[in-house]
Amino acid sequence: MLALVMWVLLTPLTGASAQSQSVHGTLRGPDSMPVAGVKIIATRGTEDAGKATTAKDGTWEISLPAAGRYTITLDVSTLPDGLNPAREGSQTLRGVPVPAGESRAVIFQLTAGSPAPANGPGEERGGGGGPPQNTVLRWLDELPQLLVEGIKFGSIIAITAIGLSLIFGTTGLINFAHGELVTLGATVAFVLNASVIGPQLQLIPATLVTIAFGALFGAALELGLWKPLRRRGIGRIQLFIVSIGLSLLIRHLILVLFGSRPQPYADYTVQQEWQWGPVSIAPRDFVITLLSLLALAGVGLMLKRTRAGKAIRAVSDNRDLAESSGIDVSRVIRNVWLLAGGLASLGGVFFGLAQLVSWDMGFKLLLLMFAAVILGGLGTAYGVIAGSLVVGIVAQVSTIWFPVELQNAWALVVLILVLLARPQGIFGKRERAG
Amino acid sequence: MDVLTILADAFRAALGPEAAIYALAAIGLNMHFGYTGLLNFGQVGFMLVGAYGAAVAVATFSAPLWAGILAGVALAVVLALLLGIPTLRLRADYLAITTIAAGEILRYVYRSNFASPVTGGVYGLTRFGDPLYAINPIPAGQYGFGEFAYSSQSLWIMVISWSLVALACVLMYLLIRSPWGRVIRSVREDEDVARSLGKNVFGYKLQSLVLGGVLGAIGGMLLAFYAQAVQPDSFNPVVTFYLYTLLILGGAGRVLGPVIGSVIFWFILVFTDSFLRQAIGAGLVPDSVISATEVGAVRFALVGLGLMLLMIYRPQGILGSRREMMLGDS
């Protein structure tokens, strides 16, 4: 009897201790930072069982009167702007079992975008999903179309990656911020072409202005950052890490200014596709591919025939020898940055046209550019073109047999396999590799 | 503007579970980068396999907790061997790109549709940490004073992770002063010298990769248990860049470098975050310049700027010595 009285007396004091049951959790945004001030309500049947508001560190806890099944609801109206439940309806969790005396963890997943459809992870997206059911005939049908797509994708990678390769060849810098040059080009063209605050230029003149901007930006980076750092005698790996910092900085500044939503350009968005036998292609994509290949041929000719191109190749080959034979190395490097910045911007506009303009498009492309550059042989110019086409075609053609969502993974697998078999790349010279 | 709130936020983050977990993963990275000179840019891949190893074992296959932890560690060893055997012979910058690529391949695979019966796809797995919280000896409630308070769950994870950090530091201290550690450091200084003295440089590098990778995996596991959720997209390459930033901030090649770096890094990160949010809330920063939803992006941009400035002006960080930092050409 005494024990019972003691128990009755003690119970209210211990509150939300291990003796009573509760639900708890930590509410986190998609960046895994805690989300505070969000109301969470527990109900059983029609009656309210308790509510809580998430604390500074995102934690919340609701003590419950009895064991049983509860419905836990996250009050969507108290979420910060821009955050949504990860799936439609996922703000309400029904039938959460709470055993007596236990504290049960409940997770609400949030996303920065709009909620995914309610049918969950099993759905098919963007024509993705498993391999087609039909066997041999099906992939023969698909192959020409995917080859064309691969060449388009590969040639966009090539015009962005050739600058990366030339920069490495002439300065030894692995420019991790090269993807951001691509994004910058795409977003500057977007501001000029489609943004309400911009002059709303037609896309072709907007692209020309963007190329000039990108080239000057590249040269400014060289003169304002990389050249002074090289003068200070900062090592190659140190410079590589500096370029990672630069990449984070530029990418997130673009995110602040441009916003997180992918946007289309104002021109050439909806087009009737041309149908040639088994292949169909939008006129826009055809022109993109053609112009990319022309730009590549132009760069190739420039490197082969002109004085400036020969000087670039000489500096790539042996910097000291080039300098001692009277080539102005810092001017050559500046020219390389002008070229790389301009080409990356052009590639950005093309990539934005082929897909959408977004703040992280360049970063997504970056690893594929690296793959292309390494496949072709670091520092070589022609190898990059071949490497890019391989990467583009592998990424697209892999979708015949494998899910679309893994296409970039296959391109990276090819990169690793080539590094194992032939670390100097397809066209690289043996002594370049380590 | 509430200065006390900002300070409480910042101190809570600096001592909280994330700081401990990042310190642990950075100790692993310090083994790779600071002591052995391996440019591993795929540390997040080790964190991913650790986190998913435990989560999949417990949530998908309903294995006991200890089996999940063992699975996470074992997967990290396997990943280190798979990654190391082919790539450790490559030059440093090739290794960097290959490890980033490997981390991204893992993320793509874990988030893909076909793996979702096991990994939960893009949504990941949740509620697998209950066995760990079930043995939480700390009664439920908030501990601390005022704004500076932790929940009992956070406190439990803090106890575990800071103890592991202390253990890892002791282990690192002993290892680096052992004959093994001297060989490791000589590999960093000059591989060819170590090789010419008859040391199996490749073997030492591989051992270092495995050891640091396992520490990263344990960090990833704790992160998963702390959040009670794993999502593949939270293991993106930026996590590795965070780790490099705090490692270089504290001082690479120093036992306490990653620990001090992590505490200061999280303090600064959350301080700016909380400061900006308060300033926006108080109307000091107009909404048109930075809105509350953009604070996260500004934070990342500042990390980038910080990494650049550190690397340029003080590559040895707070504790390191410039002479010992192998950041010249290799």
# chains A, B, ... in the order shown; residues from 1 in each chain; ligands from 1
call {"tool": "closest_atom_pairs", "arguments": {"of": "chain B", "to": "chain A", "cutoff": "8 Å", "atoms": "only C-alpha atoms", "output": "Markdown table"}}
result
| residue | atom | partner | partner_atom | distance |
| --- | --- | --- | --- | --- |
| B:Asp9 | CA | A:Lys56 | CA | 7.4 |
| B:Pro86 | CA | A:Leu420 | CA | 6.1 |
| B:Thr87 | CA | A:Leu420 | CA | 7.3 |
| B:Arg89 | CA | A:Gly434 | CA | 7.2 |
| B:Leu90 | CA | A:Gly434 | CA | 5.0 |
| B:Arg91 | CA | A:Gly434 | CA | 4.4 |
| B:Asp93 | CA | A:Ile237 | CA | 7.6 |
| B:Ile97 | CA | A:Phe370 | CA | 7.4 |
| B:Thr98 | CA | A:Ile416 | CA | 6.4 |
| B:Ala101 | CA | A:Leu412 | CA | 6.0 |
| B:Ala102 | CA | A:Leu412 | CA | 7.7 |
| B:Glu104 | CA | A:Ala409 | CA | 7.3 |
| B:Ile105 | CA | A:Ala409 | CA | 4.9 |
| B:Tyr108 | CA | A:Leu406 | CA | 6.1 |
| B:Val109 | CA | A:Leu406 | CA | 6.8 |
| B:Ser112 | CA | A:Glu405 | CA | 6.3 |
| B:Asn113 | CA | A:Gly129 | CA | 6.8 |
| B:Phe114 | CA | A:Gly130 | CA | 7.3 |
| B:Ser116 | CA | A:Pro121 | CA | 7.3 |
| B:Gly120 | CA | A:Pro121 | CA | 7.5 |
| B:Gly121 | CA | A:Pro121 | CA | 6.5 |
| B:Val122 | CA | A:Pro121 | CA | 7.2 |
| B:Tyr123 | CA | A:Pro121 | CA | 7.3 |
| B:Thr126 | CA | A:Ile107 | CA | 6.8 |
| B:Arg127 | CA | A:Ala105 | CA | 6.4 |
| B:Asp130 | CA | A:Ala105 | CA | 7.1 |
| B:Pro139 | CA | A:Ser17 | CA | 5.4 |
| B:Ala140 | CA | A:Ser17 | CA | 5.1 |
| B:Gly141 | CA | A:Ala16 | CA | 6.8 |
| B:Glu147 | CA | A:Lys56 | CA | 7.9 |
| B:Tyr150 | CA | A:Asp57 | CA | 7.7 |
| B:Ser151 | CA | A:Thr59 | CA | 7.0 |
| B:Ala227 | CA | A:Thr26 | CA | 6.6 |
| B:Gln228 | CA | A:Ile107 | CA | 7.3 |
| B:Ala229 | CA | A:Ile107 | CA | 7.5 |
| B:Ser234 | CA | A:Asp31 | CA | 6.7 |
| B:Phe241 | CA | A:Ile244 | CA | 7.7 |
| B:Ile290 | CA | A:Val256 | CA | 7.4 |
| B:Thr293 | CA | A:Gly82 | CA | 6.7 |
| B:Glu294 | CA | A:Val256 | CA | 5.9 |
| B:Ala297 | CA | A:His252 | CA | 5.2 |
| B:Val298 | CA | A:His252 | CA | 6.6 |
| B:Phe300 | CA | A:His252 | CA | 6.4 |
| B:Ala301 | CA | A:Leu249 | CA | 4.0 |
| B:Leu302 | CA | A:Leu249 | CA | 6.7 |
| B:Val303 | CA | A:Gly245 | CA | 7.3 |
| B:Gly304 | CA | A:Gly245 | CA | 3.9 |
| B:Leu305 | CA | A:Leu249 | CA | 5.8 |
| B:Gly306 | CA | A:Gly245 | CA | 7.4 |
| B:Leu307 | CA | A:Gly245 | CA | 5.2 |
| B:Met308 | CA | A:Val242 | CA | 4.6 |
| B:Leu309 | CA | A:Val242 | CA | 7.9 |
| B:Met311 | CA | A:Val242 | CA | 6.1 |
| B:Ile312 | CA | A:Val242 | CA | 7.3 |
| B:Pro315 | CA | A:Gln238 | CA | 7.9 |
| B:Leu327 | CA | A:Gln238 | CA | 5.8 |
| B:Gly328 | CA | A:Gly235 | CA | 4.3 |
| B:Asp329 | CA | A:Gly235 | CA | 5.4 |
call {"tool": "atom_distance", "arguments": {"atom1": "CA of Tyr268 in chain A", "atom2": "CA of Arg284 in chain A"}}
result
6.5 Å
call {"tool": "residues_around", "arguments": {"residues": "Gly218 in chain A", "least_positions_apart": "2", "cutoff": "10 Å", "atoms": "only C-alpha atoms", "output": "list in words"}}
result
His178, Leu181, Ala212, Phe213, Gly214, Ala215, Leu216, Ala220, Leu221, Glu222, Leu223, Gly224, Arg334, Asn335, Val336, Trp337, Leu338, Leu339, Ala340, Gly341, Gly342, Ala344 and Ser345 of chain A
call {"tool": "select_by_dssp", "arguments": {"residues": "range 314-398 of chain A", "states": "helix (DSSP H, G or I)", "output": "MDAnalysis selection string"}}
result
chainID A and resid 314:317 319:324 329:354 361:376 382:398
call {"tool": "residues_around", "arguments": {"residues": "range 70-85 of chain B", "least_positions_apart": "3", "cutoff": "10 Å", "atoms": "only C-alpha atoms", "output": "PyMOL selection string"}}
result
(chain A and resi 416+420) or (chain B and resi 42+45-58+65-67+88-90+95+98-99+102+202-203+205-218+220-221)
call {"tool": "residues_around", "arguments": {"residues": "Phe33 in chain B", "least_positions_apart": "4", "cutoff": "12 Å", "atoms": "only C-alpha atoms", "output": "count of residues only"}}
result
37
call {"tool": "select_by_dssp", "arguments": {"residues": "range 135-335 of chain A", "states": "strand (DSSP E or B)", "output": "number ranges by chain"}}
result
A: 263, 274-276, 279-281
call {"tool": "write_last_selection", "arguments": {"atoms": "N, CA and C atoms", "output": "mmCIF file, in the first residue's frame"}}
result
data_model
loop_
_atom_site.group_PDB
_atom_site.id
_atom_site.type_symbol
_atom_site.label_atom_id
_atom_site.label_comp_id
_atom_site.auth_asym_id
_atom_site.auth_seq_id
_atom_site.Cartn_x
_atom_site.Cartn_y
_atom_site.Cartn_z
ATOM 1 N N GLN A 263 15.977 27.252 -64.079
ATOM 2 C CA GLN A 263 15.192 28.131 -64.953
ATOM 3 C C GLN A 263 15.554 27.871 -66.413
ATOM 4 N N TRP A 274 13.195 17.201 -85.119
ATOM 5 C CA TRP A 274 13.415 16.658 -86.457
ATOM 6 C C TRP A 274 13.522 15.142 -86.352
ATOM 7 N N GLN A 275 12.957 14.443 -87.333
ATOM 8 C CA GLN A 275 12.990 12.978 -87.303
ATOM 9 C C GLN A 275 13.808 12.490 -88.488
ATOM 10 N N TRP A 276 14.960 11.882 -88.200
ATOM 11 C CA TRP A 276 15.785 11.320 -89.277
ATOM 12 C C TRP A 276 15.918 9.834 -89.014
ATOM 13 N N VAL A 279 16.538 8.383 -85.545
ATOM 14 C CA VAL A 279 17.018 9.423 -84.640
ATOM 15 C C VAL A 279 16.100 10.633 -84.706
ATOM 16 N N SER A 280 15.729 11.158 -83.538
ATOM 17 C CA SER A 280 15.030 12.437 -83.548
ATOM 18 C C SER A 280 15.828 13.419 -82.696
ATOM 19 N N ILE A 281 15.894 14.651 -83.167
ATOM 20 C CA ILE A 281 16.686 15.645 -82.448
ATOM 21 C C ILE A 281 16.021 17.002 -82.616
#
call {"tool": "atom_distance", "arguments": {"atom1": "CA of Tyr226 in chain B", "atom2": "CA of Pro65 in chain A"}}
result
26.2 Å
call {"tool": "atom_distance", "arguments": {"atom1": "CA of Phe148 in chain B", "atom2": "CA of Val165 in chain B"}}
result
22.3 Å
